[in-house]
>>> print(open('structure-v7.csv').read())   # CSV, C-alpha atoms and all ligand atoms
chain,number,residue,atom,x,y,z
A,1,MET,CA,116.8,96.8,97.1
A,2,GLU,CA,117.2,93.2,95.7
A,3,PHE,CA,114.4,91.6,93.8
A,4,ASP,CA,114.3,88.1,92.5
A,5,LEU,CA,112.9,89.4,89.2
A,6,LYS,CA,112.1,85.9,87.9
A,7,ARG,CA,109.7,85.4,90.8
A,8,VAL,CA,107.7,88.6,90.4
A,9,LEU,CA,107.7,89.3,86.7
A,10,ASP,CA,105.9,87.4,84.1
A,11,PHE,CA,107.9,88.4,81.1
A,12,GLU,CA,105.8,86.3,78.8
A,13,LYS,CA,102.8,88.7,79.2
A,14,VAL,CA,104.8,91.9,78.4
A,15,ARG,CA,104.8,92.6,74.7
A,16,GLU,CA,106.8,95.0,72.5
A,17,GLU,CA,105.3,96.9,69.6
A,18,ARG,CA,106.4,99.4,67.0
A,19,SER,CA,104.2,102.4,67.6
A,20,GLU,CA,104.2,103.7,64.0
A,21,LEU,CA,102.5,100.4,62.9
A,22,LEU,CA,99.6,100.4,65.4
A,23,SER,CA,96.0,101.4,64.8
A,24,SER,CA,93.9,102.6,67.7
A,25,ASN,CA,91.6,99.6,67.3
A,26,TYR,CA,94.4,97.1,67.5
A,27,PHE,CA,96.0,99.0,70.5
A,28,ASN,CA,92.6,99.1,72.4
A,29,ALA,CA,91.8,95.5,71.8
A,30,HIS,CA,95.2,94.1,72.7
A,31,TYR,CA,96.3,96.4,75.5
A,32,THR,CA,93.8,99.0,76.7
A,33,TYR,CA,90.7,96.8,77.2
A,34,SER,CA,92.7,93.8,78.3
A,35,SER,CA,95.0,95.7,80.7
A,36,VAL,CA,98.2,94.4,79.2
A,37,PRO,CA,101.4,96.4,79.5
A,38,VAL,CA,103.3,97.1,76.2
A,39,ILE,CA,106.8,98.5,75.6
A,40,PHE,CA,107.7,100.8,72.6
A,41,ARG,CA,111.4,100.9,72.3
A,42,GLY,CA,113.0,103.9,70.6
A,43,SER,CA,109.7,105.6,69.9
A,44,PHE,CA,109.8,108.6,72.3
A,45,ASN,CA,112.3,110.5,70.2
A,46,LYS,CA,109.9,110.2,67.3
A,47,TRP,CA,107.0,111.6,69.4
A,48,ALA,CA,109.3,114.3,70.8
A,49,PRO,CA,111.9,115.3,68.3
A,50,GLY,CA,114.8,117.0,70.1
A,51,SER,CA,114.2,115.0,73.3
A,52,GLU,CA,117.7,113.5,73.1
A,53,LYS,CA,118.8,116.9,74.4
A,54,TRP,CA,116.5,116.7,77.5
A,55,ASN,CA,119.2,116.1,80.1
A,56,HIS,CA,119.6,117.5,83.6
A,57,GLU,CA,121.0,120.8,82.3
A,58,PHE,CA,117.9,121.2,80.0
A,59,PHE,CA,115.5,120.6,82.9
A,60,LYS,CA,117.5,123.0,85.1
A,61,GLU,CA,117.4,125.7,82.5
A,62,ASN,CA,113.7,125.3,81.8
A,63,PHE,CA,112.2,124.3,85.2
A,64,GLY,CA,115.1,124.9,87.7
A,65,HIS,CA,113.4,128.0,89.2
A,66,GLU,CA,110.1,126.1,90.0
A,67,PHE,CA,109.3,124.6,93.4
A,68,ALA,CA,107.9,121.1,93.8
A,69,PHE,CA,107.4,118.6,96.5
A,70,ALA,CA,109.3,115.4,96.8
A,71,LYS,CA,108.3,112.5,99.1
A,72,ARG,CA,109.7,109.4,100.7
A,73,THR,CA,108.4,106.8,103.1
A,74,ILE,CA,110.5,105.5,105.9
A,75,ASP,CA,109.1,102.8,108.2
A,76,GLY,CA,105.6,103.5,106.8
A,77,LYS,CA,105.8,107.2,107.6
A,78,GLU,CA,105.6,109.6,104.7
A,79,GLU,CA,107.9,112.6,104.6
A,80,LYS,CA,107.4,115.5,102.2
A,81,LYS,CA,110.0,118.2,101.4
A,82,GLU,CA,109.8,121.1,99.0
A,83,PHE,CA,112.7,121.6,96.6
A,84,LEU,CA,113.7,124.1,94.1
A,85,ILE,CA,113.9,121.8,91.0
A,86,ALA,CA,117.5,123.0,90.3
A,87,ASP,CA,118.4,121.9,93.9
A,88,TYR,CA,116.7,118.6,93.4
A,89,LEU,CA,118.6,117.9,90.2
A,90,ASP,CA,121.8,118.4,92.3
A,91,TYR,CA,120.4,116.3,95.1
A,92,MET,CA,119.8,113.5,92.6
A,93,ASN,CA,123.5,113.3,91.8
A,94,TYR,CA,125.0,113.9,95.3
A,95,ASN,CA,122.6,112.7,98.0
A,96,GLN,CA,123.8,109.9,100.3
A,97,ASP,CA,120.3,109.1,101.7
A,98,GLU,CA,119.5,105.5,102.2
A,99,ILE,CA,115.9,106.2,101.0
A,100,PRO,CA,116.0,109.4,98.9
A,101,PHE,CA,113.2,111.8,98.2
A,102,TYR,CA,111.3,111.3,94.9
A,103,LEU,CA,110.0,114.4,93.2
A,104,ASN,CA,107.1,114.9,90.8
A,105,THR,CA,105.7,118.0,89.3
A,106,GLN,CA,103.1,119.3,86.9
A,107,CYS,CA,105.0,122.5,86.4
A,108,HIS,CA,105.3,121.8,82.7
A,109,VAL,CA,101.5,121.5,81.9
A,110,ASP,CA,100.9,125.2,81.1
A,111,LYS,CA,104.2,125.7,79.4
A,112,PRO,CA,105.3,125.4,75.7
A,113,PHE,CA,107.1,122.2,76.8
A,114,LYS,CA,103.7,120.4,76.8
A,115,LYS,CA,103.7,120.9,73.1
A,116,ALA,CA,107.3,119.5,72.7
A,117,TYR,CA,105.9,116.0,72.4
A,118,GLN,CA,103.0,114.6,70.4
A,119,VAL,CA,101.3,111.5,71.8
A,120,PRO,CA,100.2,108.9,69.3
A,121,ASP,CA,96.5,108.7,68.5
A,122,PHE,CA,96.1,105.4,70.2
A,123,PHE,CA,96.8,107.0,73.6
A,124,ASN,CA,93.9,109.4,73.1
A,125,CYS,CA,91.0,109.1,75.6
A,126,TRP,CA,87.7,111.0,76.2
A,127,TYR,CA,89.1,112.7,79.3
A,128,GLY,CA,92.3,114.0,77.5
A,129,ALA,CA,90.1,115.2,74.6
A,130,TRP,CA,88.0,117.5,76.9
A,131,PRO,CA,89.0,121.2,76.8
A,132,SER,CA,91.5,121.7,79.6
A,133,ASP,CA,89.2,124.3,81.4
A,134,ASN,CA,86.7,121.4,82.0
A,135,ARG,CA,89.3,119.0,83.4
A,136,LYS,CA,89.8,118.7,87.1
A,137,TYR,CA,93.3,117.4,86.6
A,138,ASP,CA,95.8,117.4,83.8
A,139,LEU,CA,97.0,113.8,84.1
A,140,SER,CA,100.6,114.6,83.2
A,141,TRP,CA,103.6,114.6,85.5
A,142,LEU,CA,107.3,114.9,85.3
A,143,TYR,CA,109.2,112.6,87.7
A,144,PHE,CA,112.7,113.3,88.8
A,145,GLY,CA,114.1,110.5,90.8
A,146,ALA,CA,117.5,109.9,92.5
A,147,LYS,CA,118.9,106.4,92.3
A,148,GLY,CA,116.8,104.1,94.5
A,149,THR,CA,113.6,106.2,94.5
A,150,PHE,CA,110.3,104.4,93.9
A,151,SER,CA,106.6,104.8,93.9
A,152,LYS,CA,104.5,102.5,96.1
A,153,LEU,CA,102.5,99.8,94.5
A,154,HIS,CA,99.2,101.5,93.4
A,155,ILE,CA,96.4,101.7,91.0
A,156,ASP,CA,96.3,105.0,89.2
A,157,VAL,CA,93.8,107.8,89.8
A,158,TRP,CA,90.2,106.8,88.6
A,159,ASN,CA,91.6,103.4,87.6
A,160,SER,CA,93.2,105.1,84.6
A,161,SER,CA,96.0,103.8,82.4
A,162,ALA,CA,99.2,105.7,81.8
A,163,TRP,CA,102.0,105.9,79.3
A,164,ASN,CA,105.5,106.6,80.6
A,165,ALA,CA,108.6,107.7,78.8
A,166,VAL,CA,112.1,107.3,80.4
A,167,ILE,CA,113.9,110.4,79.3
A,168,THR,CA,117.2,109.7,81.1
A,169,GLY,CA,118.4,107.0,83.4
A,170,LYS,CA,116.8,103.6,84.0
A,171,LYS,CA,113.5,102.6,85.6
A,172,LEU,CA,112.0,99.3,86.6
A,173,TRP,CA,108.3,98.7,86.5
A,174,LEU,CA,106.6,95.9,88.3
A,175,PHE,CA,103.1,95.0,87.1
A,176,PHE,CA,100.8,92.7,89.0
A,177,PHE,CA,98.0,91.2,87.0
A,178,LYS,CA,94.6,90.8,88.5
A,179,ASP,CA,95.0,87.2,89.0
A,180,SER,CA,98.4,87.6,90.8
A,181,GLY,CA,96.8,87.2,94.2
A,182,ARG,CA,98.2,90.5,95.5
A,183,SER,CA,95.7,92.0,97.9
A,184,ASP,CA,97.9,95.0,98.9
A,185,LEU,CA,97.3,97.2,95.8
A,186,GLN,CA,96.6,100.7,97.0
A,187,ARG,CA,93.9,103.1,95.8
A,188,ASN,CA,93.6,106.5,97.5
A,189,GLY,CA,95.8,105.2,100.3
A,190,LYS,CA,93.4,102.4,101.2
A,191,SER,CA,94.1,98.7,100.6
A,192,ILE,CA,91.9,97.2,98.0
A,193,GLN,CA,91.5,93.6,96.9
A,194,SER,CA,93.1,92.9,93.6
A,201,LIG,O1,106.9,106.8,87.8
A,201,LIG,C1,106.5,106.6,88.9
A,201,LIG,O2,107.2,106.4,89.9
A,201,LIG,C2,105.0,106.5,89.1
A,201,LIG,C3,104.3,106.7,87.8
A,201,LIG,C4,102.9,106.4,87.9
A,201,LIG,O3,102.3,106.2,88.9
A,201,LIG,C5,102.1,106.4,86.6
A,201,LIG,O4,102.7,106.7,85.6
A,201,LIG,O5,101.0,106.2,86.7
>>> encode(input="structure-v7.csv", output="structure tokens", more="lines below")
Ligand SMILES: O=C(O)CCC(=O)C(=O)O
Amino acid sequence: MEFDLKRVLDFEKVREERSELLSSNYFNAHYTYSSVPVIFRGSFNKWAPGSEKWNHEFFKENFGHEFAFAKRTIDGKEEKKEFLIADYLDYMNYNQDEIPFYLNTQCHVDKPFKKAYQVPDFFNCWYGAWPSDNRKYDLSWLYFGAKGTFSKLHIDVWNSSAWNAVITGKKLWLFFFKDSGRSDLQRNGKSIQS
């Protein structure tokens, strides 16, 4: 898919920070409450010591035996397919699909893996601080994506904000600011006005 990035991205608004230098007050004022995306380069391996070893083989060994659903949308029609995660990791490398399936899973949330990374204090929120028994969802996902996979333009569940770490590969995010004039943002599958 070809994008004219200069037309859709407003690079001026995307800031970079050093996570070890940030206080929660500063982060909330500059990013959370003002809905501004921010990039932390090279920080994840400090939050998750050892994560440089989290490659396909690592995920195969730890989660390969789990099943998860992958989705894709072709001509507006969503298809869903269940994969053994080990098979999906092979599919990532060898599939020839024009629009490949994109898999996400929460199979890590009850496992020791969830403790393999520490999130900085400034990402804490009241929902995450609740005991897990009281929470309807654990808002944490692992995404495995073959080249060319994508998520549709959306607003996150409950209008929440998210942090994402790219563990291997490359990922492109497109953010549309409230004043961008886009009226096709999706919430719960329904179009909403931006
Ligand atoms: O990584 C993706 O494709 C989607 C991630 C997402 O929706 C999120 O982090 O809120």
>>> closest_atom_pairs(input="structure-v7.csv", of="chain A", to="ligand LIG 201 (chain A)", cutoff="6 Å", atoms="all atoms listed in the file", output="CSV")
residue,atom,partner,partner_atom,distance
A:Phe150,CA,A:LIG201,O2,5.4
A:Ser151,CA,A:LIG201,O2,4.3
A:Asp156,CA,A:LIG201,O5,5.5
A:Ala162,CA,A:LIG201,O5,5.2
A:Asn164,CA,A:LIG201,O4,5.7
>>> closest_residue(input="structure-v7.csv", among="A:Trp47, A:Tyr102, A:Phe83, A:Tyr31", to="Lys115 in chain A", atoms="all atoms listed in the file")
A:Trp47
>>> closest_residue(input="structure-v7.csv", among="A:His30, A:His154, A:Lys147, A:Lys114", to="Met92 in chain A", atoms="only C-alpha atoms")
A:Lys147
>>> atom_distance(input="structure-v7.csv", atom1="CA of Pro37 in chain A", atom2="CA of Trp130 in chain A")
25.1 Å
>>> residues_around(input="structure-v7.csv", residues="Gly128 in chain A", least_positions_apart="5", cutoff="10 Å", atoms="all atoms listed in the file", output="ChimeraX atom specification")
/A:123,135,137-139
>>> atom_distance(input="structure-v7.csv", atom1="CA of Gly148 in chain A", atom2="CA of Lys80 in chain A")
16.7 Å
>>> atom_distance(input="structure-v7.csv", atom1="CA of Tyr127 in chain A", atom2="CA of Thr32 in chain A")
14.7 Å
>>> closest_atom_pairs(input="structure-v7.csv", of="range 75-174 of chain A", to="range 57-61 of chain A", cutoff="10 Å", atoms="only C-alpha atoms", output="CSV")
residue,atom,partner,partner_atom,distance
A:Leu84,CA,A:Lys60,CA,9.8
A:Ile85,CA,A:Lys60,CA,7.0
A:Ala86,CA,A:Lys60,CA,5.2
A:Asp87,CA,A:Lys60,CA,8.9
A:Tyr88,CA,A:Lys60,CA,9.4
A:Leu89,CA,A:Lys60,CA,7.3
A:Asp90,CA,A:Lys60,CA,9.6
A:Phe144,CA,A:Phe59,CA,9.8
>>> residues_around(input="structure-v7.csv", residues="Thr149 in chain A", least_positions_apart="6", cutoff="12 Å", atoms="only C-alpha atoms", output="VMD selection string")
chain A and resid 1 70 to 74 92 95 97 to 104 143 170 to 172
>>> write_last_selection(input="structure-v7.csv", atoms="C-alpha atoms", output="PDB file, keeping the file's coordinate frame")
ATOM      1  CA  MET A   1     116.800  96.800  97.100  1.00  0.00           C
ATOM      2  CA  ALA A  70     109.300 115.400  96.800  1.00  0.00           C
ATOM      3  CA  LYS A  71     108.300 112.500  99.100  1.00  0.00           C
ATOM      4  CA  ARG A  72     109.700 109.400 100.700  1.00  0.00           C
ATOM      5  CA  THR A  73     108.400 106.800 103.100  1.00  0.00           C
ATOM      6  CA  ILE A  74     110.500 105.500 105.900  1.00  0.00           C
ATOM      7  CA  MET A  92     119.800 113.500  92.600  1.00  0.00           C
ATOM      8  CA  ASN A  95     122.600 112.700  98.000  1.00  0.00           C
ATOM      9  CA  ASP A  97     120.300 109.100 101.700  1.00  0.00           C
ATOM     10  CA  GLU A  98     119.500 105.500 102.200  1.00  0.00           C
ATOM     11  CA  ILE A  99     115.900 106.200 101.000  1.00  0.00           C
ATOM     12  CA  PRO A 100     116.000 109.400  98.900  1.00  0.00           C
ATOM     13  CA  PHE A 101     113.200 111.800  98.200  1.00  0.00           C
ATOM     14  CA  TYR A 102     111.300 111.300  94.900  1.00  0.00           C
ATOM     15  CA  LEU A 103     110.000 114.400  93.200  1.00  0.00           C
ATOM     16  CA  ASN A 104     107.100 114.900  90.800  1.00  0.00           C
ATOM     17  CA  TYR A 143     109.200 112.600  87.700  1.00  0.00           C
ATOM     18  CA  LYS A 170     116.800 103.600  84.000  1.00  0.00           C
ATOM     19  CA  LYS A 171     113.500 102.600  85.600  1.00  0.00           C
ATOM     20  CA  LEU A 172     112.000  99.300  86.600  1.00  0.00           C
TER      21      LEU A 172
END
>>> closest_residue(input="structure-v7.csv", among="A:Phe177, A:Val166, A:Ser160, A:Leu153", to="Glu52 in chain A", atoms="all atoms listed in the file")
A:Val166
>>> closest_residue(input="structure-v7.csv", among="A:Lys152, A:Asn159, A:Tyr94, A:Phe113", to="Leu174 in chain A", atoms="all atoms listed in the file")
A:Lys152
>>> closest_residue(input="structure-v7.csv", among="A:Gly42, A:Phe175, A:Arg15, A:Asn62", to="Ile155 in chain A", atoms="only C-alpha atoms")
A:Phe175
>>> closest_residue(input="structure-v7.csv", among="A:Trp163, A:Phe122, A:Tyr117, A:Phe69", to="Ile39 in chain A", atoms="only C-alpha atoms")
A:Trp163
>>> build_atoms(input="structure-v7.csv", residues="range 34-48 of chain A", atoms="N, CA, C and O atoms", output="PDB file, in the coordinates of the input")
ATOM      1  N   SER A  34      92.311  95.059  77.593  1.00  0.00           N
ATOM      2  CA  SER A  34      92.700  93.800  78.300  1.00  0.00           C
ATOM      3  C   SER A  34      93.766  94.078  79.338  1.00  0.00           C
ATOM      4  O   SER A  34      94.296  93.130  79.916  1.00  0.00           O
ATOM      5  N   SER A  35      94.084  95.366  79.617  1.00  0.00           N
ATOM      6  CA  SER A  35      95.000  95.700  80.700  1.00  0.00           C
ATOM      7  C   SER A  35      96.353  95.013  80.599  1.00  0.00           C
ATOM      8  O   SER A  35      96.851  94.451  81.567  1.00  0.00           O
ATOM      9  N   VAL A  36      96.909  95.017  79.411  1.00  0.00           N
ATOM     10  CA  VAL A  36      98.200  94.400  79.200  1.00  0.00           C
ATOM     11  C   VAL A  36      99.255  95.449  78.963  1.00  0.00           C
ATOM     12  O   VAL A  36      99.065  96.314  78.114  1.00  0.00           O
ATOM     13  N   PRO A  37     100.369  95.429  79.711  1.00  0.00           N
ATOM     14  CA  PRO A  37     101.400  96.400  79.500  1.00  0.00           C
ATOM     15  C   PRO A  37     102.127  96.189  78.143  1.00  0.00           C
ATOM     16  O   PRO A  37     102.252  95.041  77.711  1.00  0.00           O
ATOM     17  N   VAL A  38     102.581  97.257  77.518  1.00  0.00           N
ATOM     18  CA  VAL A  38     103.300  97.100  76.200  1.00  0.00           C
ATOM     19  C   VAL A  38     104.465  98.102  76.226  1.00  0.00           C
ATOM     20  O   VAL A  38     104.367  99.196  76.781  1.00  0.00           O
ATOM     21  N   ILE A  39     105.554  97.677  75.619  1.00  0.00           N
ATOM     22  CA  ILE A  39     106.800  98.500  75.600  1.00  0.00           C
ATOM     23  C   ILE A  39     106.967  98.976  74.110  1.00  0.00           C
ATOM     24  O   ILE A  39     106.869  98.168  73.183  1.00  0.00           O
ATOM     25  N   PHE A  40     107.260 100.278  73.944  1.00  0.00           N
ATOM     26  CA  PHE A  40     107.700 100.800  72.600  1.00  0.00           C
ATOM     27  C   PHE A  40     109.126 101.235  72.789  1.00  0.00           C
ATOM     28  O   PHE A  40     109.400 102.159  73.542  1.00  0.00           O
ATOM     29  N   ARG A  41     110.023 100.544  72.154  1.00  0.00           N
ATOM     30  CA  ARG A  41     111.400 100.900  72.300  1.00  0.00           C
ATOM     31  C   ARG A  41     111.817 101.900  71.199  1.00  0.00           C
ATOM     32  O   ARG A  41     111.464 101.711  70.036  1.00  0.00           O
ATOM     33  N   GLY A  42     112.524 102.969  71.600  1.00  0.00           N
ATOM     34  CA  GLY A  42     113.000 103.900  70.600  1.00  0.00           C
ATOM     35  C   GLY A  42     111.966 104.773  69.983  1.00  0.00           C
ATOM     36  O   GLY A  42     112.202 105.394  68.958  1.00  0.00           O
ATOM     37  N   SER A  43     110.762 104.805  70.564  1.00  0.00           N
ATOM     38  CA  SER A  43     109.700 105.600  69.900  1.00  0.00           C
ATOM     39  C   SER A  43     109.629 107.016  70.426  1.00  0.00           C
ATOM     40  O   SER A  43     109.211 107.903  69.692  1.00  0.00           O
ATOM     41  N   PHE A  44     110.028 107.251  71.688  1.00  0.00           N
ATOM     42  CA  PHE A  44     109.800 108.600  72.300  1.00  0.00           C
ATOM     43  C   PHE A  44     110.451 109.687  71.484  1.00  0.00           C
ATOM     44  O   PHE A  44     109.889 110.766  71.326  1.00  0.00           O
ATOM     45  N   ASN A  45     111.658 109.429  70.981  1.00  0.00           N
ATOM     46  CA  ASN A  45     112.300 110.500  70.200  1.00  0.00           C
ATOM     47  C   ASN A  45     111.638 110.804  68.900  1.00  0.00           C
ATOM     48  O   ASN A  45     111.855 111.855  68.313  1.00  0.00           O
ATOM     49  N   LYS A  46     110.740 109.904  68.469  1.00  0.00           N
ATOM     50  CA  LYS A  46     109.900 110.200  67.300  1.00  0.00           C
ATOM     51  C   LYS A  46     108.716 111.059  67.720  1.00  0.00           C
ATOM     52  O   LYS A  46     108.267 111.943  67.007  1.00  0.00           O
ATOM     53  N   TRP A  47     108.157 110.780  68.893  1.00  0.00           N
ATOM     54  CA  TRP A  47     107.000 111.600  69.400  1.00  0.00           C
ATOM     55  C   TRP A  47     107.495 112.948  69.859  1.00  0.00           C
ATOM     56  O   TRP A  47     106.727 113.888  69.912  1.00  0.00           O
ATOM     57  N   ALA A  48     108.761 113.021  70.244  1.00  0.00           N
ATOM     58  CA  ALA A  48     109.300 114.300  70.800  1.00  0.00           C
ATOM     59  C   ALA A  48     110.647 114.557  70.173  1.00  0.00           C
ATOM     60  O   ALA A  48     111.696 114.329  70.777  1.00  0.00           O
TER      61      ALA A  48
END
